[in-house]
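For reference, run11.cif is printed below; it contains mmCIF, C-alpha atoms.
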```cif
data_query
#
loop_
_atom_site.label_atom_id
_atom_site.label_comp_id
_atom_site.auth_asym_id
_atom_site.auth_seq_id
_atom_site.Cartn_x
_atom_site.Cartn_y
_atom_site.Cartn_z
CA MET M 1 105.89 77.68 122.48
CA THR M 2 109.28 76.48 121.22
CA LEU M 3 108.95 78.81 118.21
CA TRP M 4 108.56 81.92 120.35
CA ARG M 5 111.30 81.17 122.89
CA PRO M 6 114.29 81.89 120.58
CA LEU M 7 112.56 84.97 119.19
CA LEU M 8 111.85 86.43 122.61
CA LYS M 9 115.39 85.74 123.92
CA ASN M 10 116.81 88.50 121.73
CA PRO M 11 115.68 91.85 123.20
CA LEU M 12 115.70 93.66 119.83
CA THR M 13 113.60 90.94 118.23
CA ALA M 14 111.18 90.99 121.17
CA ALA M 15 110.91 94.79 120.96
CA GLY M 16 110.32 94.73 117.20
CA LEU M 17 107.74 91.96 117.48
CA SER M 18 105.96 93.81 120.30
CA LEU M 19 105.90 97.02 118.26
CA ALA M 20 104.53 95.21 115.20
CA VAL M 21 101.80 93.53 117.26
CA LEU M 22 100.95 96.87 118.89
CA LEU M 23 100.64 98.61 115.51
CA ILE M 24 98.47 95.83 114.09
CA LEU M 25 96.22 95.89 117.15
CA ALA M 26 95.96 99.69 117.03
CA ALA M 27 94.96 99.50 113.36
CA LEU M 28 92.42 96.74 113.92
CA LEU M 29 90.92 98.50 116.94
CA ALA M 30 90.96 101.98 115.34
CA PRO M 31 87.22 102.64 115.82
CA VAL M 32 87.63 101.99 119.55
CA VAL M 33 91.10 103.54 120.08
CA ALA M 34 90.80 106.68 117.94
CA PRO M 35 89.92 109.75 120.04
CA TYR M 36 88.01 111.38 117.15
CA PRO M 37 86.71 108.59 114.87
CA ALA M 38 84.55 111.02 112.87
CA ASP M 39 87.73 112.81 111.74
CA ALA M 40 88.72 109.72 109.75
CA GLY M 41 85.81 110.47 107.43
CA ASP M 42 84.91 113.79 105.92
CA ALA M 43 84.34 115.80 109.12
CA VAL M 44 85.65 119.37 109.02
CA HIS M 45 86.53 121.58 112.00
CA PRO M 46 87.84 124.90 110.59
CA GLU M 47 88.18 126.42 114.07
CA GLN M 48 90.77 123.75 114.98
CA ARG M 49 92.89 123.86 111.81
CA LEU M 50 96.65 123.39 112.04
CA GLN M 51 96.76 122.88 115.82
CA PRO M 52 100.14 121.74 117.15
CA PRO M 53 100.47 118.41 118.97
CA GLY M 54 99.03 118.55 122.46
CA PRO M 55 96.85 116.70 124.96
CA ASP M 56 93.69 117.08 122.86
CA HIS M 57 95.32 116.18 119.53
CA TRP M 58 98.40 113.99 120.06
CA PHE M 59 99.72 114.52 116.50
CA GLY M 60 98.03 117.88 115.91
CA THR M 61 95.41 118.67 113.28
CA ASP M 62 95.51 119.13 109.51
CA ASP M 63 94.43 122.13 107.44
CA LEU M 64 90.76 121.10 107.78
CA GLY M 65 90.96 120.70 111.57
CA ARG M 66 90.86 116.89 111.56
CA ASP M 67 92.78 114.94 114.22
CA LEU M 68 95.88 113.43 112.61
CA PHE M 69 96.25 110.59 115.14
CA SER M 70 92.73 109.33 114.35
CA ARG M 71 93.37 109.62 110.63
CA ILE M 72 96.65 107.69 110.93
CA LEU M 73 94.95 104.87 112.87
CA PHE M 74 92.25 104.49 110.23
CA GLY M 75 94.83 104.83 107.44
CA ALA M 76 96.83 102.00 109.00
CA ARG M 77 93.77 99.76 108.62
CA LEU M 78 93.65 100.49 104.91
CA SER M 79 97.41 99.97 104.53
CA LEU M 80 97.32 96.62 106.32
CA GLN M 81 94.34 95.49 104.27
CA ALA M 82 96.00 96.48 100.99
CA GLY M 83 99.30 94.83 101.96
CA VAL M 84 97.75 91.55 103.03
CA LEU M 85 95.55 91.46 99.93
CA ALA M 86 98.49 92.23 97.60
CA ILE M 87 100.60 89.44 99.11
CA GLY M 88 97.63 87.06 99.03
CA LEU M 89 96.94 87.75 95.35
CA ALA M 90 100.63 87.40 94.47
CA ILE M 91 100.74 84.05 96.27
CA LEU M 92 97.50 82.91 94.60
CA LEU M 93 99.03 83.64 91.21
CA GLY M 94 102.65 82.64 91.83
CA VAL M 95 102.32 79.39 93.78
CA PRO M 96 100.18 77.47 91.24
CA LEU M 97 102.33 78.68 88.35
CA GLY M 98 105.49 77.59 90.15
CA ALA M 99 104.00 74.22 91.07
CA VAL M 100 102.88 73.56 87.49
CA ALA M 101 106.26 74.61 86.11
CA GLY M 102 108.18 72.50 88.62
CA PHE M 103 106.14 69.31 88.33
CA THR M 104 105.49 69.24 84.58
CA GLY M 105 108.87 70.38 83.29
CA GLY M 106 109.45 70.52 79.55
CA TRP M 107 108.02 73.28 77.38
CA VAL M 108 105.43 74.28 80.02
CA ASP M 109 108.22 74.91 82.53
CA GLU M 110 110.21 76.86 79.93
CA LEU M 111 107.24 79.02 78.99
CA ILE M 112 106.25 79.85 82.56
CA MET M 113 109.83 80.55 83.62
CA ARG M 114 110.59 82.79 80.61
CA VAL M 115 107.51 84.89 81.39
CA THR M 116 108.62 84.94 85.03
CA ASP M 117 112.12 86.03 83.99
CA LEU M 118 110.61 88.77 81.85
CA PHE M 119 108.73 90.14 84.87
CA LEU M 120 111.82 89.76 87.08
CA SER M 121 113.93 91.75 84.62
CA PHE M 122 112.13 94.95 85.68
CA PRO M 123 112.32 96.49 89.16
CA PRO M 124 109.11 95.60 91.04
CA LEU M 125 108.37 99.22 91.96
CA LEU M 126 108.67 100.34 88.33
CA LEU M 127 106.47 97.46 87.22
CA ALA M 128 103.86 98.33 89.87
CA ILE M 129 103.86 101.97 88.72
CA VAL M 130 103.33 100.90 85.11
CA PHE M 131 100.45 98.58 86.05
CA ALA M 132 98.90 101.24 88.30
CA ALA M 133 99.08 103.77 85.45
CA MET M 134 97.13 101.40 83.21
CA LEU M 135 94.38 100.99 85.82
CA GLU M 136 92.06 103.55 87.38
CA PRO M 137 93.53 105.42 90.36
CA SER M 138 92.23 103.60 93.46
CA VAL M 139 93.44 101.47 96.35
CA PRO M 140 92.24 98.19 94.77
CA SER M 141 94.10 99.08 91.57
CA ALA M 142 97.28 99.80 93.51
CA THR M 143 96.88 96.52 95.38
CA LEU M 144 96.45 94.63 92.11
CA ALA M 145 99.46 96.43 90.60
CA ILE M 146 101.65 95.39 93.53
CA ALA M 147 100.40 91.80 93.33
CA LEU M 148 101.13 91.68 89.59
CA SER M 149 104.68 92.85 90.18
CA TRP M 150 105.42 90.39 93.03
CA TRP M 151 104.07 87.08 91.75
CA PRO M 152 107.32 86.07 89.96
CA TRP M 153 109.20 85.75 93.27
CA TYR M 154 106.73 83.16 94.53
CA THR M 155 106.70 81.36 91.19
CA ARG M 156 110.47 80.97 91.18
CA LEU M 157 110.57 79.84 94.81
CA VAL M 158 107.81 77.23 94.43
CA ARG M 159 109.20 75.99 91.12
CA GLY M 160 112.57 75.31 92.78
CA GLU M 161 110.91 73.35 95.59
CA ALA M 162 108.65 71.44 93.18
CA THR M 163 111.61 70.53 90.95
CA SER M 164 113.54 69.36 94.01
CA LEU M 165 110.64 67.22 95.21
CA ARG M 166 110.04 65.77 91.76
CA GLU M 167 113.54 64.28 91.74
CA ARG M 168 113.25 62.63 95.19
CA PRO M 169 113.03 58.82 95.36
CA PHE M 170 109.74 58.71 97.30
CA VAL M 171 108.01 60.68 94.51
CA GLU M 172 109.39 58.35 91.86
CA ALA M 173 108.28 55.36 93.94
CA ALA M 174 104.76 56.68 94.23
#
```

Translate this file's structure into structure tokens.
Amino acid sequence: MTLWRPLLKNPLTAAGLSLAVLLILAALLAPVVAPYPADAGDAVHPEQRLQPPGPDHWFGTDDLGRDLFSRILFGARLSLQAGVLAIGLAILLGVPLGAVAGFTGGWVDELIMRVTDLFLSFPPLLLAIVFAAMLEPSVPSATLAIALSWWPWYTRLVRGEATSLRERPFVEAA
């Protein structure tokens, strides 16, 4: 509870946190919340195409007559899944490399950190685009491309912590 108290004291932080939680819940509960769940798939309603926002379709409809609000809710699920998976893969790759580099030192540290520096020398978005171009066009490929362009940040962070811990007296004593 002591973690949440300072966060909730600031009204802007509380509003932002509430909005983020609301969006995550809406995405997770999309099959229940969406007014037209079939429109998230390949349903077509030509008689309702390009309807403006209104009480039946909160965000309107697209050129195939599908409800945009329902499609956005289901799209948010995919976006959250891809984002969490990309970060998870980047952490799974970066943390062990950083720990090995930090604890072993020597030529292993130099090798890992030079490869990390090579990846860090390119903008992450450009690197992700290059990796995505080499893979087949799909959401898993895009997720992998993002993970491959973000792992160096975790490697550098963990390596710094591991190097710091390696020099502490309690580690030398053990």

Once the PyMOL selection byres ((chain M and resi 147) around 6) is applied to the coordinates I shared, what remains selected? I want it as a compact mmCIF listing (two decimals) with C-alpha atoms, keeping the file's coordinate frame.
```txt
# COMPACT_ATOMS: atom_id res chain seq x y z
CA ALA M 86 98.49 92.23 97.60
CA LEU M 89 96.94 87.75 95.35
CA ALA M 90 100.63 87.40 94.47
CA LEU M 144 96.45 94.63 92.11
CA ALA M 145 99.46 96.43 90.60
CA ILE M 146 101.65 95.39 93.53
CA LEU M 148 101.13 91.68 89.59
CA SER M 149 104.68 92.85 90.18
CA TRP M 150 105.42 90.39 93.03
```

Problem set entry | Computed interatomic separation between CA of Pro96 (chain M) and CA of Leu80 (chain M) (Å) |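 Computing it gives 24.5 Å between the two atoms.
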
Problem set entry | Counting only C-alpha atoms, the option among M:His57, M:His45, M:Phe69, M:Gly75 closest to Ala27 (chain M) | M:Gly75

Problem set entry | Shell around Pro46 (chain M) at 9 Å using only C-alpha atoms, local window under 4 positions removed, as a list of chain:residue names |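 Surrounding residues, per the criterion: M:Asp63, M:Leu64, M:Gly65, M:Arg66.
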
Residues from the last selection, C-alpha atoms, saved as a PDB file, keeping the file's coordinate frame:
```
ATOM      1  CA  ASP M  63      94.430 122.130 107.440  1.00  0.00           C
ATOM      2  CA  LEU M  64      90.760 121.100 107.780  1.00  0.00           C
ATOM      3  CA  GLY M  65      90.960 120.700 111.570  1.00  0.00           C
ATOM      4  CA  ARG M  66      90.860 116.890 111.560  1.00  0.00           C
TER       5      ARG M  66
END
```

List the residues matched by the PyMOL selection byres ((chain M and resi 8-24) around 12) in the displayed structure as an mmCIF file with C-alpha atoms, in the frame of the given file, ordered by chain and then by residue number.
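Contents of out.cif, as written:
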```
data_model
loop_
_atom_site.group_PDB
_atom_site.id
_atom_site.type_symbol
_atom_site.label_atom_id
_atom_site.label_comp_id
_atom_site.auth_asym_id
_atom_site.auth_seq_id
_atom_site.Cartn_x
_atom_site.Cartn_y
_atom_site.Cartn_z
ATOM 1 C CA MET M 1 105.890 77.680 122.480
ATOM 2 C CA THR M 2 109.280 76.480 121.220
ATOM 3 C CA LEU M 3 108.950 78.810 118.210
ATOM 4 C CA TRP M 4 108.560 81.920 120.350
ATOM 5 C CA ARG M 5 111.300 81.170 122.890
ATOM 6 C CA PRO M 6 114.290 81.890 120.580
ATOM 7 C CA LEU M 7 112.560 84.970 119.190
ATOM 8 C CA LEU M 25 96.220 95.890 117.150
ATOM 9 C CA ALA M 26 95.960 99.690 117.030
ATOM 10 C CA ALA M 27 94.960 99.500 113.360
ATOM 11 C CA LEU M 28 92.420 96.740 113.920
ATOM 12 C CA LEU M 29 90.920 98.500 116.940
ATOM 13 C CA ALA M 30 90.960 101.980 115.340
ATOM 14 C CA VAL M 33 91.100 103.540 120.080
ATOM 15 C CA ILE M 72 96.650 107.690 110.930
ATOM 16 C CA LEU M 73 94.950 104.870 112.870
ATOM 17 C CA PHE M 74 92.250 104.490 110.230
ATOM 18 C CA GLY M 75 94.830 104.830 107.440
ATOM 19 C CA ALA M 76 96.830 102.000 109.000
ATOM 20 C CA ARG M 77 93.770 99.760 108.620
ATOM 21 C CA LEU M 78 93.650 100.490 104.910
ATOM 22 C CA SER M 79 97.410 99.970 104.530
ATOM 23 C CA LEU M 80 97.320 96.620 106.320
ATOM 24 C CA GLN M 81 94.340 95.490 104.270
ATOM 25 C CA VAL M 84 97.750 91.550 103.030
#
```

For this session: Please evaluate the PyMOL selection byres ((chain M and resi 95) around 12) against the displayed coordinates and give the resulting residues as a count of residues only.
Result: 29

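Pairwise distance (CA of Val32 (chain M), CA of Ser70 (chain M)) equals 10.3 Å.
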
Exercise. What does the distance from CA of Leu127 (chain M) to CA of Pro140 (chain M) come to in Å, to one decimal?
Worked result: 16.1 Å

Problem set entry | Which residue of M:Leu85, M:Leu68, M:Ala174, M:Leu125 approaches Ala38 (chain M) most closely, using all atoms listed in the file | M:Leu68

Exercise. Smallest atom-to-atom distance to Ala128 (chain M): which of M:Pro55, M:Ala142, M:Thr163, M:Arg71, using all atoms listed in the file?
Worked result: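 Closest candidate: M:Ala142.
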
For this session: Find, counting only C-alpha atoms, the residue in M:Leu165, M:Ala40, M:Thr61, M:Leu118 that gets nearest to Phe103 (chain M).
Result: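 Closest to Phe103 (chain M), using only C-alpha atoms: M:Leu165.
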
Exercise. For Pro53 (chain M), which of M:Val130, M:Glu172, M:Asp67, M:Val115 is the closest residue, counting all atoms listed in the file?
Worked result: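 Distance minimum relative to Pro53 (chain M) lands on M:Asp67.
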